[in-house]
>>> print(open('upload.csv').read())   # CSV, C-alpha atoms
chain,number,residue,atom,x,y,z
I,1,MET,CA,53.2,93.5,94.0
I,2,PHE,CA,51.6,91.7,96.9
I,3,MET,CA,48.0,90.6,96.9
I,4,LYS,CA,46.1,91.0,100.2
I,5,ALA,CA,45.3,87.7,101.8
I,6,SER,CA,43.6,89.2,104.9
I,7,ILE,CA,40.6,90.8,103.2
I,8,PRO,CA,38.7,88.3,101.1
I,9,CYS,CA,36.4,90.9,99.4
I,10,ARG,CA,39.5,92.5,97.8
I,11,LEU,CA,40.8,89.2,96.7
I,12,LEU,CA,37.4,88.4,95.2
I,13,ALA,CA,37.5,91.7,93.3
I,14,MET,CA,40.9,91.0,91.8
I,15,ILE,CA,40.5,87.3,90.9
I,16,PRO,CA,38.7,87.8,87.6
I,17,ALA,CA,41.3,90.2,86.2
I,18,ILE,CA,44.4,88.4,87.5
I,19,VAL,CA,43.3,84.9,86.6
I,20,PHE,CA,42.2,86.0,83.1
I,21,SER,CA,45.5,87.8,82.6
I,22,LEU,CA,47.5,84.7,83.4
I,23,PHE,CA,45.4,82.1,81.6
I,24,ALA,CA,43.5,83.8,78.8
I,25,ALA,CA,44.0,82.4,75.4
I,26,GLU,CA,46.2,84.7,73.3
I,27,PRO,CA,45.4,85.7,69.7
I,28,SER,CA,46.7,83.5,66.9
I,29,GLU,CA,50.5,83.7,66.9
I,30,VAL,CA,50.8,84.3,63.2
I,31,SER,CA,48.6,85.9,60.6
I,32,ALA,CA,48.0,84.3,57.2
I,33,ASP,CA,51.2,85.8,55.9
I,34,GLY,CA,53.1,85.0,59.2
I,35,GLN,CA,53.7,88.6,60.0
I,36,LEU,CA,51.8,89.5,63.2
I,37,PRO,CA,54.1,91.8,65.2
I,38,SER,CA,55.4,90.7,68.7
I,39,VAL,CA,54.8,92.8,71.8
I,40,LEU,CA,56.4,92.3,75.2
I,41,ILE,CA,54.9,93.8,78.4
I,42,ILE,CA,57.2,94.3,81.4
I,43,GLY,CA,55.8,95.4,84.7
I,44,ASP,CA,54.5,94.5,88.1
I,45,SER,CA,51.1,93.2,89.2
I,46,ILE,CA,49.4,96.2,87.8
I,47,SER,CA,50.4,95.0,84.3
I,48,MET,CA,49.5,91.4,85.3
I,49,ALA,CA,45.9,92.6,85.8
I,50,TYR,CA,45.6,94.7,82.6
I,51,HIS,CA,47.4,92.1,80.4
I,52,ALA,CA,44.2,90.3,79.5
I,53,THR,CA,42.5,93.4,78.2
I,54,VAL,CA,45.6,94.2,76.1
I,55,VAL,CA,45.4,90.7,74.6
I,56,ARG,CA,41.7,91.0,73.8
I,57,GLU,CA,42.1,94.5,72.3
I,58,LEU,CA,45.0,93.5,70.0
I,59,ASP,CA,43.6,90.1,69.0
I,60,GLY,CA,44.5,89.5,65.4
I,61,LYS,CA,46.8,92.6,65.4
I,62,ALA,CA,49.7,91.5,67.5
I,63,VAL,CA,51.0,88.6,69.6
I,64,VAL,CA,51.1,90.0,73.2
I,65,LYS,CA,53.5,88.4,75.6
I,66,ARG,CA,54.3,89.3,79.2
I,67,ILE,CA,57.2,88.5,81.4
I,68,PRO,CA,56.7,85.6,83.8
I,69,GLY,CA,55.6,86.8,87.2
I,70,ASN,CA,56.2,90.2,88.8
I,71,GLY,CA,58.8,92.6,87.4
I,72,GLU,CA,59.1,94.1,90.9
I,73,TYR,CA,61.6,97.0,91.1
I,74,THR,CA,64.4,98.3,88.9
I,75,GLY,CA,66.9,96.1,90.8
I,76,THR,CA,65.0,93.0,89.7
I,77,GLY,CA,64.9,94.4,86.2
I,78,MET,CA,68.7,94.8,86.1
I,79,LYS,CA,69.1,91.1,87.2
I,80,LYS,CA,66.5,89.6,84.8
I,81,ILE,CA,66.2,91.8,81.8
I,82,ASP,CA,68.3,89.6,79.5
I,83,GLU,CA,66.3,86.5,80.6
I,84,TRP,CA,63.0,88.4,79.9
I,85,LEU,CA,64.0,89.6,76.5
I,86,GLY,CA,65.2,86.2,75.4
I,87,ASP,CA,66.4,85.7,71.8
I,88,GLY,CA,63.2,86.7,70.0
I,89,LYS,CA,62.5,89.8,68.0
I,90,TRP,CA,60.1,92.3,69.7
I,91,ASN,CA,58.4,95.0,67.6
I,92,VAL,CA,57.1,96.9,70.7
I,93,ILE,CA,58.1,96.7,74.4
I,94,HIS,CA,55.8,98.4,76.8
I,95,PHE,CA,57.4,98.7,80.2
I,96,ASN,CA,57.3,100.1,83.8
I,97,TRP,CA,59.0,99.9,87.1
I,98,GLY,CA,58.0,102.3,90.0
I,99,LEU,CA,55.7,101.1,92.8
I,100,TRP,CA,58.2,98.6,94.1
I,101,ASP,CA,60.9,101.3,93.9
I,102,MET,CA,58.7,103.6,96.0
I,103,TYR,CA,57.4,101.2,98.5
I,104,GLY,CA,60.2,98.6,98.6
I,105,TRP,CA,58.2,95.7,100.1
I,106,GLU,CA,60.8,93.0,100.7
I,107,TYR,CA,63.5,95.2,99.1
I,108,ALA,CA,62.9,98.0,101.6
I,109,LYS,CA,66.5,97.9,102.8
I,110,GLU,CA,67.9,98.3,99.3
I,111,ASP,CA,68.8,101.7,97.7
I,112,ARG,CA,65.6,102.7,95.9
I,113,SER,CA,66.1,106.5,96.0
I,114,PRO,CA,64.8,108.5,93.1
I,115,GLU,CA,68.4,109.0,92.0
I,116,THR,CA,69.2,105.3,92.0
I,117,TYR,CA,65.8,104.6,90.4
I,118,ALA,CA,66.8,107.0,87.5
I,119,LYS,CA,70.2,105.4,87.1
I,120,ARG,CA,68.8,101.9,86.9
I,121,LEU,CA,66.1,103.1,84.5
I,122,ASP,CA,68.7,104.7,82.3
I,123,ALA,CA,70.6,101.4,82.1
I,124,LEU,CA,67.5,99.4,81.5
I,125,VAL,CA,66.4,101.7,78.7
I,126,THR,CA,69.8,101.4,77.1
I,127,ARG,CA,69.5,97.7,77.2
I,128,LEU,CA,66.0,97.7,75.7
I,129,GLU,CA,67.1,100.0,72.9
I,130,LYS,CA,69.5,97.3,71.7
I,131,THR,CA,66.5,95.1,70.8
I,132,GLY,CA,65.5,97.6,68.1
I,133,ALA,CA,61.9,97.5,69.4
I,134,LYS,CA,59.7,100.5,69.6
I,135,LEU,CA,59.7,101.4,73.4
I,136,ILE,CA,56.8,102.6,75.4
I,137,TRP,CA,57.2,103.7,79.0
I,138,ALA,CA,54.1,103.5,81.2
I,139,THR,CA,54.1,106.1,83.9
I,140,THR,CA,53.7,104.5,87.3
I,141,THR,CA,50.1,104.3,88.5
I,142,PRO,CA,49.4,106.2,91.7
I,143,ALA,CA,50.6,105.4,95.2
I,144,CYS,CA,47.7,104.8,97.6
I,145,PRO,CA,46.7,107.7,99.8
I,146,ALA,CA,46.7,105.7,103.1
I,147,ALA,CA,49.5,103.7,104.7
I,148,GLU,CA,50.1,100.8,102.4
I,149,SER,CA,48.6,97.6,103.9
I,150,THR,CA,51.3,95.1,103.2
I,151,MET,CA,54.1,97.3,104.6
I,152,LEU,CA,51.9,97.9,107.6
I,153,LYS,CA,50.8,94.3,108.3
I,154,ARG,CA,53.7,92.3,107.1
I,155,PHE,CA,56.6,94.6,107.8
I,156,LYS,CA,55.1,96.6,110.6
I,157,THR,CA,56.0,99.9,108.8
I,158,GLU,CA,53.6,102.7,108.3
I,159,THR,CA,54.5,103.7,104.7
I,160,VAL,CA,52.7,106.6,103.1
I,161,ILE,CA,54.1,107.9,99.8
I,162,THR,CA,53.3,111.6,99.8
I,163,PRO,CA,52.3,113.3,96.5
I,164,GLU,CA,55.6,115.2,96.6
I,165,LEU,CA,57.7,112.1,97.0
I,166,GLU,CA,55.7,110.3,94.3
I,167,GLN,CA,56.3,113.2,91.9
I,168,THR,CA,60.1,112.9,92.4
I,169,TYR,CA,59.9,109.4,91.0
I,170,LEU,CA,57.6,110.4,88.2
I,171,ASP,CA,59.8,113.3,87.2
I,172,ALA,CA,63.0,111.1,87.4
I,173,ALA,CA,61.5,108.5,85.1
I,174,ARG,CA,60.2,111.2,82.7
I,175,LEU,CA,63.6,112.8,82.4
I,176,VAL,CA,65.2,109.4,81.5
I,177,MET,CA,62.5,108.7,78.9
I,178,GLU,CA,62.8,112.2,77.4
I,179,ARG,CA,66.6,111.9,77.2
I,180,HIS,CA,66.2,108.6,75.3
I,181,LYS,CA,63.2,109.8,73.3
I,182,VAL,CA,61.0,107.0,74.5
I,183,ARG,CA,57.3,107.2,73.9
I,184,ILE,CA,55.4,107.8,77.1
I,185,ASN,CA,52.0,106.3,78.0
I,186,ASP,CA,50.7,108.4,80.9
I,187,LEU,CA,48.7,105.8,82.9
I,188,HIS,CA,49.2,107.9,86.0
I,189,ALA,CA,47.3,110.8,84.4
I,190,LEU,CA,44.6,108.4,83.1
I,191,ILE,CA,43.8,106.8,86.4
I,192,LYS,CA,44.5,109.5,89.0
I,193,PRO,CA,41.3,111.5,88.5
I,194,VAL,CA,39.2,108.4,88.9
I,195,LEU,CA,41.4,106.6,91.5
I,196,GLN,CA,38.7,106.5,94.2
I,197,LYS,CA,36.3,104.9,91.8
I,198,HIS,CA,38.7,102.1,90.6
I,199,ALA,CA,41.1,101.5,93.5
I,200,LEU,CA,40.5,98.5,95.6
I,201,ALA,CA,41.0,100.5,98.8
I,202,PRO,CA,42.7,103.6,100.1
I,203,ASP,CA,45.6,101.5,101.4
I,204,ASP,CA,46.0,99.3,98.3
I,205,VAL,CA,47.8,100.2,95.0
I,206,HIS,CA,45.8,97.6,93.0
I,207,PHE,CA,42.6,98.2,91.0
I,208,LYS,CA,39.2,96.7,90.6
I,209,PRO,CA,38.6,94.9,87.3
I,210,SER,CA,37.1,98.2,85.9
I,211,GLY,CA,40.4,100.0,86.6
I,212,SER,CA,42.5,97.3,85.0
I,213,GLN,CA,40.3,97.3,81.9
I,214,LEU,CA,40.6,101.1,81.7
I,215,LEU,CA,44.4,100.8,81.9
I,216,GLY,CA,44.5,97.9,79.5
I,217,LYS,CA,42.6,99.7,76.8
I,218,GLN,CA,44.9,102.6,76.8
I,219,VAL,CA,48.0,100.3,76.8
I,220,ALA,CA,46.6,98.6,73.8
I,221,SER,CA,45.9,101.9,72.0
I,222,GLU,CA,49.4,103.1,72.6
I,223,ILE,CA,50.9,99.8,71.4
I,224,LEU,CA,48.8,99.9,68.3
I,225,ALA,CA,49.9,103.5,67.6
I,226,ALA,CA,53.5,102.5,68.0
I,227,LEU,CA,53.0,99.6,65.6
I,228,HIS,CA,51.4,101.9,63.0
I,229,SER,CA,54.3,104.3,63.5
I,230,GLU,CA,56.8,101.5,62.9
I,231,ALA,CA,55.0,100.6,59.7
I,232,SER,CA,55.0,104.2,58.4
I,233,PRO,CA,57.6,105.1,55.8
>>> encode(input="upload.csv", output="structure tokens")
Amino acid sequence: MFMKASIPCRLLAMIPAIVFSLFAAEPSEVSADGQLPSVLIIGDSISMAYHATVVRELDGKAVVKRIPGNGEYTGTGMKKIDEWLGDGKWNVIHFNWGLWDMYGWEYAKEDRSPETYAKRLDALVTRLEKTGAKLIWATTTPACPAAESTMLKRFKTETVITPELEQTYLDAARLVMERHKVRINDLHALIKPVLQKHALAPDDVHFKPSGSQLLGKQVASEILAALHSEASP
């Protein structure tokens, strides 16, 4: 996801969450018996911002890692998924692609239709299943109600994702996850009713620190539930 360089107040609002998510100390990598579970977070800049909260919430309960940089759209996922997964064993993988598929940004000329989005998601879930990890799909956080600022300023395109179009992507992803029986963490439903309170601006898909913290706490809760489920007989 792109950060906005032209409006300093928004950058200032995002710096605490973004910087902390990138440089915060992680919890101890192993417990006394060496058995702390490993968690991988895959996503775009929304996950970059809530990552720090997840780390804090799961301190002493899990080792939380995140892919380097921005997961962008499903096309990027198809190219980099093996690199991101590496050779380690993951107990839980919490993942999302969606906003970049809807908006495009520098991939605007690529095929990002809901149908192609669903096909790529299906292939990505199939690959993730091979890890043996518990999978959690995070529903895509809301599109902004106004014309998205980066598309307008950088690419000179007035891009508004209508609620109807957004729903086609949400539905496409949900069908894939239901078919694969993947646990769903509905971040869209969590943040949508309070979007005006937590969004940086009507033309920005990012959140104030308060919004990222809200998202991060639910992500941590879902990961912990999945870990408990894994431990159950």
>>> atom_distance(input="upload.csv", atom1="atom CA of I:Thr159", atom2="atom CA of I:Ala147")
5.0 Å
>>> atom_distance(input="upload.csv", atom1="atom CA of I:Leu152", atom2="atom CA of I:Asp203")
9.5 Å
>>> residues_around(input="upload.csv", residues="I:Leu165", least_positions_apart="5", cutoff="9 Å", atoms="all atoms listed in the file", output="VMD selection string")
chain I and resid 102 114 170
>>> closest_residue(input="upload.csv", among="I:Ile42, I:Lys61, I:Tyr107, I:Glu72", to="I:Phe155", atoms="only C-alpha atoms")
I:Tyr107
>>> closest_residue(input="upload.csv", among="I:Lys134, I:Lys119, I:His180, I:His51", to="I:Ser38", atoms="all atoms listed in the file")
I:Lys134
